[in-house]
>>> print(open('start.cif').read())   # mmCIF, C-alpha atoms and all ligand atoms
data_protein
loop_
_atom_site.label_atom_id
_atom_site.label_comp_id
_atom_site.auth_asym_id
_atom_site.auth_seq_id
_atom_site.Cartn_x
_atom_site.Cartn_y
_atom_site.Cartn_z
CA MET A 1193 194.44 6.37 69.49
CA PRO A 1194 195.69 9.19 67.29
CA ARG A 1195 199.12 10.54 68.18
CA ILE A 1196 198.84 14.19 69.15
CA ALA A 1197 201.65 16.75 69.50
CA VAL A 1198 201.41 20.31 70.75
CA LEU A 1199 203.42 23.12 69.21
CA ILE A 1200 203.76 26.19 71.41
CA VAL A 1201 205.11 29.25 69.60
CA ALA A 1202 207.09 31.53 71.88
CA ALA A 1203 209.50 33.16 69.46
CA GLY A 1204 207.99 36.66 69.50
CA LYS A 1205 209.50 39.81 70.94
CA GLY A 1206 206.38 40.93 72.77
CA GLU A 1207 206.80 44.49 71.58
CA ARG A 1208 203.30 45.65 72.43
CA ALA A 1209 203.64 44.42 76.01
CA GLY A 1210 206.84 46.40 76.44
CA THR A 1211 207.95 44.33 79.42
CA GLU A 1212 211.59 43.99 80.45
CA LEU A 1213 211.84 40.45 79.09
CA PRO A 1214 209.86 39.24 76.07
CA LYS A 1215 206.37 38.78 77.58
CA GLN A 1216 206.38 34.96 77.42
CA TYR A 1217 209.26 34.87 79.93
CA GLU A 1218 207.79 37.42 82.34
CA ARG A 1219 206.30 36.04 85.53
CA LEU A 1220 202.56 35.73 85.66
CA ALA A 1221 201.25 35.07 89.18
CA GLY A 1222 204.73 33.91 90.15
CA LYS A 1223 205.61 31.71 87.16
CA PRO A 1224 206.97 32.49 83.71
CA MET A 1225 204.03 32.75 81.31
CA LEU A 1226 205.56 30.15 78.97
CA ARG A 1227 205.76 27.65 81.83
CA ARG A 1228 202.07 28.14 82.62
CA THR A 1229 201.19 27.63 78.96
CA VAL A 1230 203.22 24.42 78.70
CA GLU A 1231 201.70 23.15 81.96
CA ALA A 1232 198.20 23.76 80.59
CA PHE A 1233 198.92 20.93 78.12
CA GLY A 1234 200.14 18.53 80.85
CA GLY A 1235 200.12 14.96 79.55
CA TYR A 1236 200.55 15.91 75.88
CA PRO A 1237 203.99 15.93 74.23
CA VAL A 1238 204.90 19.58 73.74
CA GLN A 1239 207.44 21.16 71.40
CA VAL A 1240 208.29 24.78 72.17
CA VAL A 1241 209.52 27.23 69.52
CA ILE A 1242 211.62 30.15 70.80
CA GLY A 1243 213.36 33.18 69.35
CA ALA A 1244 217.06 33.27 68.49
CA GLY A 1245 219.04 34.13 71.61
CA GLN A 1246 216.23 33.09 73.99
CA GLN A 1247 217.77 29.71 74.90
CA GLU A 1248 218.74 30.71 78.42
CA LEU A 1249 215.41 32.39 79.21
CA ALA A 1250 213.57 29.35 77.90
CA ALA A 1251 215.75 26.92 79.89
CA GLN A 1252 214.95 28.84 83.07
CA ALA A 1253 211.24 29.06 82.30
CA LEU A 1254 210.98 25.36 81.50
CA ALA A 1255 213.34 23.97 84.15
CA GLY A 1256 212.16 20.60 85.42
CA LEU A 1257 209.37 20.13 82.86
CA SER A 1258 209.66 17.10 80.62
CA VAL A 1259 209.83 18.83 77.25
CA PRO A 1260 212.48 18.43 74.54
CA SER A 1261 214.89 21.29 73.80
CA PRO A 1262 213.08 24.19 72.15
CA VAL A 1263 213.68 24.79 68.46
CA THR A 1264 214.38 28.22 67.02
CA GLY A 1265 211.59 30.06 65.25
CA GLY A 1266 211.56 32.82 62.68
CA VAL A 1267 210.86 36.50 62.18
CA THR A 1268 207.10 36.04 61.80
CA ARG A 1269 204.73 33.82 63.75
CA GLN A 1270 203.97 31.94 60.55
CA GLU A 1271 207.65 31.14 60.07
CA SER A 1272 207.95 30.07 63.69
CA VAL A 1273 205.04 27.66 63.25
CA ARG A 1274 206.51 26.24 60.05
CA LEU A 1275 209.90 25.66 61.68
CA GLY A 1276 208.16 24.00 64.63
CA LEU A 1277 206.19 21.73 62.30
CA GLU A 1278 209.42 20.75 60.55
CA ALA A 1279 210.97 19.87 63.91
CA LEU A 1280 208.11 17.41 64.52
CA ALA A 1281 208.58 15.74 61.11
CA LYS A 1282 211.06 13.09 62.22
CA ASP A 1283 208.46 11.56 64.53
CA ALA A 1284 205.36 12.91 62.84
CA PRO A 1285 202.13 12.90 64.93
CA ASP A 1286 198.65 12.39 63.47
CA PHE A 1287 197.36 15.69 64.85
CA VAL A 1288 199.10 18.86 65.91
CA LEU A 1289 197.69 21.56 68.18
CA ILE A 1290 199.31 24.93 67.45
CA HIS A 1291 199.14 27.31 70.39
CA ASP A 1292 200.41 30.76 71.36
CA ALA A 1293 202.68 30.92 74.39
CA ALA A 1294 200.81 34.16 75.09
CA ARG A 1295 197.60 32.23 75.93
CA PRO A 1296 198.45 30.65 79.28
CA LEU A 1297 194.81 30.40 80.37
CA VAL A 1298 193.67 27.86 77.82
CA SER A 1299 191.41 25.31 79.52
CA ARG A 1300 191.34 21.55 79.30
CA LYS A 1301 187.86 21.83 77.81
CA VAL A 1302 188.95 23.93 74.83
CA ILE A 1303 191.92 21.61 74.22
CA GLU A 1304 189.71 18.51 74.34
CA ASP A 1305 187.06 20.08 72.11
CA VAL A 1306 189.68 20.81 69.46
CA VAL A 1307 190.95 17.22 69.69
CA LYS A 1308 187.40 15.84 69.45
CA ALA A 1309 186.72 17.82 66.27
CA LEU A 1310 189.85 16.33 64.69
CA GLU A 1311 188.93 12.85 65.84
CA ALA A 1312 185.54 13.35 64.23
CA GLY A 1313 187.26 13.86 60.89
CA ALA A 1314 187.86 17.60 60.48
CA ASP A 1315 191.13 18.68 58.83
CA GLY A 1316 191.35 21.54 61.28
CA ALA A 1317 189.62 22.89 64.39
CA LEU A 1318 189.36 26.50 65.48
CA PRO A 1319 188.17 27.76 68.87
CA MET A 1320 186.21 31.00 68.59
CA VAL A 1321 184.19 33.35 70.77
CA ALA A 1322 181.42 35.64 69.59
CA ALA A 1323 182.24 39.34 69.57
CA SER A 1324 179.97 40.78 72.22
CA ASP A 1325 181.05 44.44 72.20
CA THR A 1326 179.72 46.83 69.60
CA LEU A 1327 182.44 47.26 67.02
CA ARG A 1328 183.57 50.33 65.07
CA ARG A 1329 186.22 50.68 62.42
CA ALA A 1330 188.54 53.72 62.48
CA GLY A 1331 188.63 55.46 59.12
CA ASP A 1332 191.34 57.68 57.62
CA ASP A 1333 188.87 60.56 57.79
CA GLY A 1334 188.80 60.41 61.60
CA ARG A 1335 185.32 58.87 61.58
CA TRP A 1336 184.37 55.69 63.39
CA THR A 1337 182.08 53.54 61.31
CA LEU A 1338 179.77 51.06 62.97
CA VAL A 1339 180.54 47.45 62.08
CA ASN A 1340 177.69 45.01 62.35
CA ARG A 1341 178.87 42.63 65.06
CA GLU A 1342 176.32 40.03 64.15
CA ASN A 1343 178.12 36.89 63.02
CA LEU A 1344 181.48 38.27 64.08
CA TYR A 1345 183.79 35.96 65.99
CA ARG A 1346 187.29 36.18 67.44
CA ALA A 1347 189.71 33.35 66.69
CA GLN A 1348 191.81 31.81 69.44
CA THR A 1349 194.34 29.03 69.78
CA PRO A 1350 194.99 26.09 70.06
CA GLN A 1351 194.20 25.55 66.43
CA GLY A 1352 194.30 21.83 65.72
CA PHE A 1353 195.10 20.14 62.42
CA VAL A 1354 195.89 16.90 60.72
CA TYR A 1355 199.66 17.22 60.95
CA ALA A 1356 200.49 16.14 57.39
CA LYS A 1357 197.92 18.53 55.90
CA ILE A 1358 198.87 21.69 57.81
CA THR A 1359 202.57 21.00 57.27
CA LYS A 1360 201.98 20.70 53.56
CA ALA A 1361 199.98 23.95 53.60
CA HIS A 1362 202.74 25.79 55.48
CA ARG A 1363 205.36 24.56 53.03
CA ALA A 1364 203.26 25.50 50.02
CA HIS A 1365 202.35 28.99 51.27
CA ALA A 1366 205.49 29.96 53.14
CA GLY A 1367 205.62 33.24 51.21
CA THR A 1368 201.98 34.25 51.82
CA ASP A 1369 201.41 36.48 54.81
CA VAL A 1370 198.48 35.32 56.96
CA THR A 1371 197.51 36.01 60.57
CA ASP A 1372 196.86 32.49 61.79
CA ASP A 1373 197.16 28.86 60.81
CA VAL A 1374 193.50 28.45 59.97
CA ALA A 1375 193.83 31.22 57.38
CA LEU A 1376 196.61 29.21 55.81
CA ALA A 1377 194.65 25.97 56.05
CA GLU A 1378 191.82 27.64 54.16
CA LEU A 1379 194.20 28.75 51.42
CA ALA A 1380 195.10 25.07 51.07
CA GLY A 1381 191.41 24.09 50.92
CA LEU A 1382 191.27 22.28 54.26
CA LYS A 1383 187.99 21.67 56.05
CA VAL A 1384 188.05 23.58 59.35
CA GLN A 1385 185.54 22.97 62.12
CA MET A 1386 184.62 25.71 64.60
CA VAL A 1387 184.57 24.84 68.29
CA GLU A 1388 183.67 26.98 71.25
CA GLY A 1389 186.52 29.07 72.64
CA GLU A 1390 186.47 30.78 76.03
CA GLU A 1391 186.54 34.43 77.05
CA LYS A 1392 189.22 33.70 79.60
CA ASN A 1393 191.56 32.27 76.95
CA ILE A 1394 193.00 35.73 76.41
CA LYS A 1395 196.15 36.49 74.46
CA VAL A 1396 198.37 38.45 76.81
CA THR A 1397 199.33 41.27 74.50
CA ARG A 1398 199.65 44.53 76.41
CA LYS A 1399 201.11 45.26 79.82
CA GLN A 1400 197.70 45.62 81.46
CA ASP A 1401 196.76 42.11 80.27
CA PHE A 1402 199.11 40.70 82.90
CA ALA A 1403 196.91 41.99 85.72
CA LEU A 1404 193.81 40.66 83.99
CA ALA A 1405 195.41 37.24 83.45
CA GLU A 1406 196.53 37.12 87.10
CA SER A 1407 193.04 37.82 88.33
CA LEU A 1408 191.71 35.05 86.06
CA ILE A 1409 194.33 32.57 87.26
CA GLY A 1410 193.27 33.00 90.87
CA ALA A 1411 195.23 31.11 93.46
CA ASP A 1412 196.54 27.56 93.58
CA VAL A 1413 196.65 27.18 97.34
CA ARG A 1414 198.27 24.13 98.95
CA THR A 1415 198.20 23.08 102.57
CA ALA A 1416 200.32 20.31 104.12
CA SER A 1417 201.29 19.09 107.55
CA GLY A 1418 204.57 18.07 109.18
CA TYR A 1419 205.32 16.13 112.36
CA ASP A 1420 208.50 15.43 114.31
CA VAL A 1421 209.65 13.93 117.60
CA HIS A 1422 212.98 14.05 119.41
CA LYS A 1423 213.96 12.24 122.59
CA PHE A 1424 215.46 13.91 125.67
CA LYS A 1425 219.05 13.16 126.63
CA ASP A 1426 221.45 14.62 129.16
CA GLY A 1427 222.20 18.25 128.59
CA ASP A 1428 221.48 21.80 129.65
CA HIS A 1429 219.72 23.32 126.63
CA ILE A 1430 217.56 22.51 123.63
CA TRP A 1431 216.99 24.19 120.27
CA LEU A 1432 213.34 24.94 119.67
CA CYS A 1433 211.93 26.99 116.77
CA GLY A 1434 215.36 28.41 116.07
CA LEU A 1435 216.05 29.50 119.68
CA LYS A 1436 218.55 28.10 122.17
CA ILE A 1437 216.58 27.51 125.35
CA PRO A 1438 218.14 26.49 128.68
CA HIS A 1439 216.62 23.25 129.95
CA THR A 1440 217.18 20.36 132.33
CA HIS A 1441 217.87 18.10 129.33
CA GLY A 1442 219.09 18.24 125.76
CA LEU A 1443 217.42 16.64 122.71
CA GLU A 1444 218.91 13.71 120.84
CA GLY A 1445 219.31 13.98 117.08
CA HIS A 1446 221.73 14.01 114.19
CA SER A 1447 221.24 17.76 113.69
CA ASP A 1448 220.44 20.21 116.49
CA ALA A 1449 217.15 18.28 116.97
CA ASP A 1450 214.88 21.32 116.61
CA VAL A 1451 211.50 19.57 116.38
CA GLY A 1452 209.64 22.81 115.68
CA LEU A 1453 211.69 23.78 112.63
CA HIS A 1454 211.73 20.17 111.40
CA ALA A 1455 207.94 19.97 111.49
CA ILE A 1456 207.59 23.27 109.60
CA THR A 1457 210.20 22.16 107.06
CA ASP A 1458 208.21 18.99 106.36
CA ALA A 1459 204.97 20.95 106.05
CA LEU A 1460 206.53 23.26 103.45
CA LEU A 1461 208.03 20.34 101.52
CA GLY A 1462 204.59 18.74 101.61
CA CYS A 1463 202.99 21.78 100.00
CA ILE A 1464 205.20 21.39 96.94
CA GLY A 1465 205.31 17.59 96.84
CA GLU A 1466 209.05 17.51 97.52
CA GLY A 1467 209.32 14.57 99.87
CA ASP A 1468 210.47 15.07 103.44
CA ILE A 1469 213.35 16.44 105.45
CA GLY A 1470 215.09 13.05 105.68
CA GLN A 1471 215.24 12.86 101.92
CA HIS A 1472 216.89 16.28 101.57
CA PHE A 1473 219.15 16.00 104.62
CA PRO A 1474 219.78 12.28 105.27
CA PRO A 1475 220.83 11.51 108.87
CA SER A 1476 223.51 9.27 107.31
CA ASP A 1477 225.17 12.35 105.79
CA GLU A 1478 228.05 13.67 107.92
CA ARG A 1479 227.47 17.18 106.57
CA TRP A 1480 224.36 17.51 108.71
CA ARG A 1481 225.88 16.30 111.99
CA GLY A 1482 225.02 18.97 114.56
CA ALA A 1483 223.64 21.18 111.77
CA ALA A 1484 221.57 24.22 112.65
CA SER A 1485 218.01 23.43 111.58
CA TRP A 1486 217.35 26.90 110.20
CA LYS A 1487 219.37 25.69 107.21
CA PHE A 1488 216.78 22.96 106.54
CA LEU A 1489 213.93 25.43 106.78
CA ASP A 1490 215.73 27.95 104.61
CA HIS A 1491 216.27 25.23 101.99
CA ALA A 1492 212.56 24.29 101.99
CA ALA A 1493 211.65 27.98 101.60
CA SER A 1494 213.99 28.35 98.64
CA LEU A 1495 212.46 25.26 97.00
CA VAL A 1496 209.02 26.87 97.41
CA ALA A 1497 210.35 30.11 95.88
CA ALA A 1498 211.96 28.22 92.98
CA LYS A 1499 208.52 26.84 92.12
CA GLY A 1500 207.11 30.34 92.07
CA GLY A 1501 205.38 29.78 95.39
CA THR A 1502 204.66 32.22 98.20
CA ILE A 1503 204.34 31.12 101.81
CA ASN A 1504 200.99 32.34 103.06
CA HIS A 1505 201.15 30.97 106.58
CA VAL A 1506 202.89 28.50 108.87
CA ASP A 1507 201.52 27.22 112.15
CA VAL A 1508 203.40 25.01 114.59
CA THR A 1509 202.24 23.31 117.80
CA ILE A 1510 204.89 22.21 120.29
CA ILE A 1511 203.80 19.27 122.42
CA CYS A 1512 205.62 18.89 125.75
CA GLU A 1513 205.25 19.35 129.51
CA ARG A 1514 208.48 21.34 129.82
CA PRO A 1515 210.03 23.72 128.91
CA LYS A 1516 207.22 26.25 128.97
CA VAL A 1517 206.87 27.67 125.46
CA GLY A 1518 204.83 30.76 126.40
CA PRO A 1519 207.73 32.98 127.45
CA HIS A 1520 209.52 32.24 124.14
CA ARG A 1521 206.56 32.41 121.80
CA ASP A 1522 207.14 35.90 120.41
CA ALA A 1523 210.85 35.35 119.89
CA MET A 1524 210.08 32.03 118.14
CA LYS A 1525 207.60 33.71 115.82
CA ALA A 1526 210.14 36.40 114.99
CA LYS A 1527 212.85 33.82 114.32
CA ILE A 1528 210.69 31.67 112.03
CA ALA A 1529 209.52 34.78 110.15
CA GLU A 1530 213.15 35.84 109.74
CA ILE A 1531 214.23 32.46 108.35
CA LEU A 1532 211.28 32.28 105.96
CA LYS A 1533 211.51 35.99 105.04
CA ILE A 1534 207.78 36.51 105.68
CA GLU A 1535 205.86 38.82 108.01
CA GLU A 1536 205.45 37.72 111.62
CA SER A 1537 201.68 37.86 111.22
CA ARG A 1538 202.03 34.87 108.88
CA VAL A 1539 203.61 32.73 111.60
CA SER A 1540 201.82 31.06 114.48
CA VAL A 1541 203.45 29.23 117.41
CA LYS A 1542 201.27 27.26 119.81
CA ALA A 1543 201.98 24.80 122.57
CA THR A 1544 200.16 22.16 124.55
CA THR A 1545 200.89 19.57 127.18
CA THR A 1546 199.31 16.11 127.00
CA GLU A 1547 198.14 16.18 130.62
CA GLY A 1548 200.86 13.80 131.73
CA LEU A 1549 199.81 11.15 129.19
CA GLY A 1550 202.00 9.39 126.65
CA PHE A 1551 205.69 9.90 125.94
CA THR A 1552 205.42 13.67 126.04
CA GLY A 1553 203.50 13.42 129.32
CA ARG A 1554 206.26 11.23 130.77
CA ARG A 1555 208.74 13.91 129.67
CA GLU A 1556 210.63 11.49 127.45
CA GLY A 1557 210.77 13.87 124.51
CA ILE A 1558 209.17 16.69 122.57
CA ALA A 1559 206.82 16.45 119.58
CA ALA A 1560 205.82 19.15 117.14
CA GLN A 1561 203.21 19.32 114.45
CA ALA A 1562 203.00 22.01 111.82
CA MET A 1563 200.76 23.18 108.99
CA ALA A 1564 201.88 25.32 106.09
CA THR A 1565 199.90 27.06 103.39
CA VAL A 1566 201.59 27.97 100.13
CA ARG A 1567 200.22 29.84 97.13
CA LEU A 1568 201.63 28.56 93.85
N1 LIG B 1601 205.46 34.38 67.85
C1 LIG B 1601 206.45 33.55 67.37
N2 LIG B 1601 207.32 34.00 66.43
C2 LIG B 1601 207.25 35.26 65.95
C3 LIG B 1601 206.24 36.11 66.43
C4 LIG B 1601 205.35 35.65 67.38
O1 LIG B 1601 206.55 32.41 67.81
N3 LIG B 1601 208.12 35.66 65.07
C5 LIG B 1601 204.57 33.90 68.91
C6 LIG B 1601 204.59 34.78 70.17
O2 LIG B 1601 205.69 34.43 71.00
C7 LIG B 1601 203.25 34.53 70.78
C8 LIG B 1601 202.36 34.18 69.59
O3 LIG B 1601 203.24 33.95 68.48
O4 LIG B 1601 203.25 33.46 71.69
C9 LIG B 1601 201.34 35.25 69.30
O5 LIG B 1601 202.00 36.45 68.90
P1 LIG B 1601 201.91 37.86 69.61
O6 LIG B 1601 200.91 37.81 70.71
O7 LIG B 1601 201.79 38.88 68.55
O8 LIG B 1601 203.34 37.98 70.34
P2 LIG B 1601 204.57 38.87 69.93
O9 LIG B 1601 204.75 38.85 68.46
O10 LIG B 1601 205.70 38.41 70.77
O11 LIG B 1601 204.12 40.29 70.44
P3 LIG B 1601 204.14 41.68 69.64
O12 LIG B 1601 203.38 41.42 68.37
O13 LIG B 1601 203.48 42.65 70.55
O14 LIG B 1601 205.59 41.98 69.41
MG MG B 1602 203.23 39.65 67.14
#
>>> encode(input="start.cif", output="structure tokens", more="lines below")
Ligand code: CTP
Ligand code: MG
Amino acid sequence: MPRIAVLIVAAGKGERAGTELPKQYERLAGKPMLRRTVEAFGGYPVQVVIGAGQQELAAQALAGLSVPSPVTGGVTRQESVRLGLEALAKDAPDFVLIHDAARPLVSRKVIEDVVKALEAGADGALPMVAASDTLRRAGDDGRWTLVNRENLYRAQTPQGFVYAKITKAHRAHAGTDVTDDVALAELAGLKVQMVEGEEKNIKVTRKQDFALAESLIGADVRTASGYDVHKFKDGDHIWLCGLKIPHTHGLEGHSDADVGLHAITDALLGCIGEGDIGQHFPPSDERWRGAASWKFLDHAASLVAAKGGTINHVDVTIICERPKVGPHRDAMKAKIAEILKIEESRVSVKATTTEGLGFTGRREGIAAQAMATVRL
């Protein structure tokens, strides 16, 4: 198995995009573009190259991903690539895939096709797409001359190379100004194989490209469930879906025993693969004795937000004979919406009895089950 490393260059200023932050750190469908690009290479070791002074932005964008500290690039893309290649030298891979941070939509297929071309013996591999629009060149005289688009192709990244060969080429031609790594490889006489690129592998360059990229990304929608039960004890009220409700009994629990909010909390944690409520708020922890459960739900919502997620919808079903949920339904919806900071129309509260059957039927306790849908 050849050892493959990925070099993602993110040291540009993004001047043409004119966004507040350099474009690679701007959010694209909820996540920093650089993070999306790194995630597209999941499973490969990735080295990121950033601009001087971008350490903090990069740390935020890459938080939680298993990538080594970014290295600092240069004034031109070419310099950034060379510095990145040098950073890989101490543990040199067989192949390196050089990719723009500004191409977050690269597919697994393009990546694998580049790798396959290298495995088949090419020195380099270049994904390209045919130019399908009619092309014209602007002249100094104000005229637009038709360019024959036949045989014209647009070059994309990742451009893959035998690491030792492209590194040597970069060192030898550091002074020559070229637009991509394949151009440099050709100067060094390397054999480059074309592979098929993809239209959707766009380079986010101008502001309007963000909207295009977002529409191409579509939605990563996750749904998960949550379930909770608490037992009745002596008392005169219970907490249910964030409301204090007078009742003939109380509910037993380490916190305020709000089964509704606990079930929704677990559903949200499930959507982002973050374990369950007991893991975040262990019953053994004195801090949570008698705690208000809205804090648990608020925490789950902030974990969703930290992952760039948006809560589309939560739905909870309360299972008990008493108290009657109906009279409280609207207030419960409003409370849950308030805690999650979403519209009430995205919250659903339902209730059912179990016709006298089982522990809920015997009025021994209350159960709740919830579903949540999150867009990441
Ligand atoms: N890049 C880099 N180092 C530079 C210049 C560019 O690592 N000195 C990276 C960019 O961050 C980007 C990729 O090379 O991921 C392609 O460059 P481009 O799309 O031109 O990005 P910018 O140079 O940042 O944008 P602009 O040219 O509009 O300023
Ligand atoms: Mg540039």
>>> residues_around(input="start.cif", residues="Val1238 in chain A", least_positions_apart="2", cutoff="7 Å", atoms="all atoms listed in the file", output="PyMOL selection string")
chain A and resi 1197-1199+1236+1240+1259
>>> atom_distance(input="start.cif", atom1="CA of Ile1394 in chain A", atom2="CA of Leu1376 in chain A")
21.9 Å
>>> residues_around(input="start.cif", residues="range 1385-1391 of chain A", least_positions_apart="3", cutoff="10 Å", atoms="all atoms listed in the file", output="compact mmCIF listing (two decimals) with C-alpha atoms, keeping the file's coordinate frame")
# COMPACT_ATOMS: atom_id res chain seq x y z
CA LEU A 1297 194.81 30.40 80.37
CA VAL A 1298 193.67 27.86 77.82
CA SER A 1299 191.41 25.31 79.52
CA LYS A 1301 187.86 21.83 77.81
CA VAL A 1302 188.95 23.93 74.83
CA ILE A 1303 191.92 21.61 74.22
CA ASP A 1305 187.06 20.08 72.11
CA VAL A 1306 189.68 20.81 69.46
CA LYS A 1308 187.40 15.84 69.45
CA ALA A 1309 186.72 17.82 66.27
CA LEU A 1310 189.85 16.33 64.69
CA ALA A 1312 185.54 13.35 64.23
CA GLY A 1313 187.26 13.86 60.89
CA ALA A 1314 187.86 17.60 60.48
CA ASP A 1315 191.13 18.68 58.83
CA GLY A 1316 191.35 21.54 61.28
CA ALA A 1317 189.62 22.89 64.39
CA LEU A 1318 189.36 26.50 65.48
CA PRO A 1319 188.17 27.76 68.87
CA MET A 1320 186.21 31.00 68.59
CA VAL A 1321 184.19 33.35 70.77
CA ALA A 1322 181.42 35.64 69.59
CA ALA A 1323 182.24 39.34 69.57
CA TYR A 1345 183.79 35.96 65.99
CA ARG A 1346 187.29 36.18 67.44
CA ALA A 1347 189.71 33.35 66.69
CA GLN A 1348 191.81 31.81 69.44
CA THR A 1349 194.34 29.03 69.78
CA PRO A 1350 194.99 26.09 70.06
CA GLN A 1351 194.20 25.55 66.43
CA GLY A 1352 194.30 21.83 65.72
CA PHE A 1353 195.10 20.14 62.42
CA VAL A 1374 193.50 28.45 59.97
CA LEU A 1382 191.27 22.28 54.26
CA ILE A 1394 193.00 35.73 76.41
>>> residues_near_ligand(input="start.cif", ligand="ligand MG 1602 (chain B)", cutoff="12 Å", atoms="only C-alpha atoms and all ligand atoms", output="list in words")
Val1201, Ala1202, Ala1203, Gly1204, Lys1205, Gly1206, Glu1207, Arg1208, Ala1209, Pro1214, Lys1215, Gln1216, Gly1266, Val1267, Thr1268, Arg1269, Gln1270, Glu1271, Ser1272, Asp1292, Ala1293, Ala1294, Thr1371, Asp1372, Lys1395, Val1396, Thr1397 and Arg1398 of chain A
>>> atom_distance(input="start.cif", atom1="CA of Val1273 in chain A", atom2="CA of Leu1213 in chain A")
21.5 Å
>>> closest_residue(input="start.cif", among="A:Asp1286, A:Leu1257, A:Pro1296, A:Ile1437", to="ligand LIG 1601 (chain B)", atoms="all atoms listed in the file")
A:Pro1296
>>> atom_distance(input="start.cif", atom1="CA of Glu1547 in chain A", atom2="CA of Val1508 in chain A")
19.0 Å
>>> residues_around(input="start.cif", residues="Arg1538 in chain A", least_positions_apart="2", cutoff="10 Å", atoms="only C-alpha atoms", output="number ranges by chain")
A: 1503-1507, 1525, 1528-1529, 1534-1536, 1540, 1564-1565
>>> axis_aligned_box(input="start.cif", around="range 1463-1480 of chain A", padding_each_side="8 Å", output="AutoDock Vina command-line options")
--center_x 215.5 --center_y 15.5 --center_z 102.9 --size_x 41.1 --size_y 28.5 --size_z 28.0
>>> residues_around(input="start.cif", residues="Cys1463 in chain A", least_positions_apart="4", cutoff="6 Å", atoms="only C-alpha atoms", output="number ranges by chain")
A: 1414-1416
>>> write_last_selection(input="start.cif", atoms="C-alpha atoms", output="compact mmCIF listing (two decimals), keeping the file's coordinate frame")
# COMPACT_ATOMS: atom_id res chain seq x y z
CA ARG A 1414 198.27 24.13 98.95
CA THR A 1415 198.20 23.08 102.57
CA ALA A 1416 200.32 20.31 104.12
>>> residues_around(input="start.cif", residues="Thr1359 in chain A", least_positions_apart="3", cutoff="8 Å", atoms="all atoms listed in the file", output="ChimeraX atom specification")
/A:1274,1277-1278,1355-1356,1362-1363
>>> closest_residue(input="start.cif", among="A:Pro1194, A:Pro1262, A:Gly1462, A:Pro1237", to="ligand LIG 1601 (chain B)", atoms="only C-alpha atoms and all ligand atoms")
A:Pro1262
>>> closest_residue(input="start.cif", among="A:Thr1440, A:Ser1417, A:Thr1545, A:Thr1509", to="Gly1465 in chain A", atoms="all atoms listed in the file")
A:Ser1417
>>> closest_residue(input="start.cif", among="A:Ala1526, A:Ala1560, A:Lys1392, A:Ser1494", to="Gly1410 in chain A", atoms="only C-alpha atoms")
A:Lys1392
>>> closest_residue(input="start.cif", among="A:Pro1475, A:Gly1265, A:Gly1222, A:Gly1557", to="Gln1239 in chain A", atoms="all atoms listed in the file")
A:Gly1265
>>> closest_residue(input="start.cif", among="A:Ala1492, A:Ile1464, A:Ile1200, A:Ala1405", to="ligand LIG 1601 (chain B)", atoms="only C-alpha atoms and all ligand atoms")
A:Ile1200
>>> residues_near_point(input="start.cif", point="(220.3, 27.6, 112.1)", cutoff="12 Å", atoms="only C-alpha atoms", output="list in words")
Trp1431, Leu1432, Cys1433, Gly1434, Leu1435, Lys1436, Ser1447, Asp1448, Ala1449, Asp1450, Leu1453, His1454, Trp1480, Gly1482, Ala1483, Ala1484, Ser1485, Trp1486, Lys1487, Phe1488, Leu1489, Asp1490, His1491, Lys1527, Ile1528, Glu1530, Ile1531 and Leu1532 of chain A
>>> residues_near_point(input="start.cif", point="(217.5, 32.6, 69.1)", cutoff="9 Å", atoms="only C-alpha atoms", output="JSON list (two decimals) with C-alpha atoms, keeping the file's coordinate frame")
[["chain", "number", "residue", "atom", "x", "y", "z"],
["A", 1203, "ALA", "CA", 209.50, 33.16, 69.46],
["A", 1242, "ILE", "CA", 211.62, 30.15, 70.80],
["A", 1243, "GLY", "CA", 213.36, 33.18, 69.35],
["A", 1244, "ALA", "CA", 217.06, 33.27, 68.49],
["A", 1245, "GLY", "CA", 219.04, 34.13, 71.61],
["A", 1246, "GLN", "CA", 216.23, 33.09, 73.99],
["A", 1247, "GLN", "CA", 217.77, 29.71, 74.90],
["A", 1263, "VAL", "CA", 213.68, 24.79, 68.46],
["A", 1264, "THR", "CA", 214.38, 28.22, 67.02],
["A", 1265, "GLY", "CA", 211.59, 30.06, 65.25],
["A", 1266, "GLY", "CA", 211.56, 32.82, 62.68]]
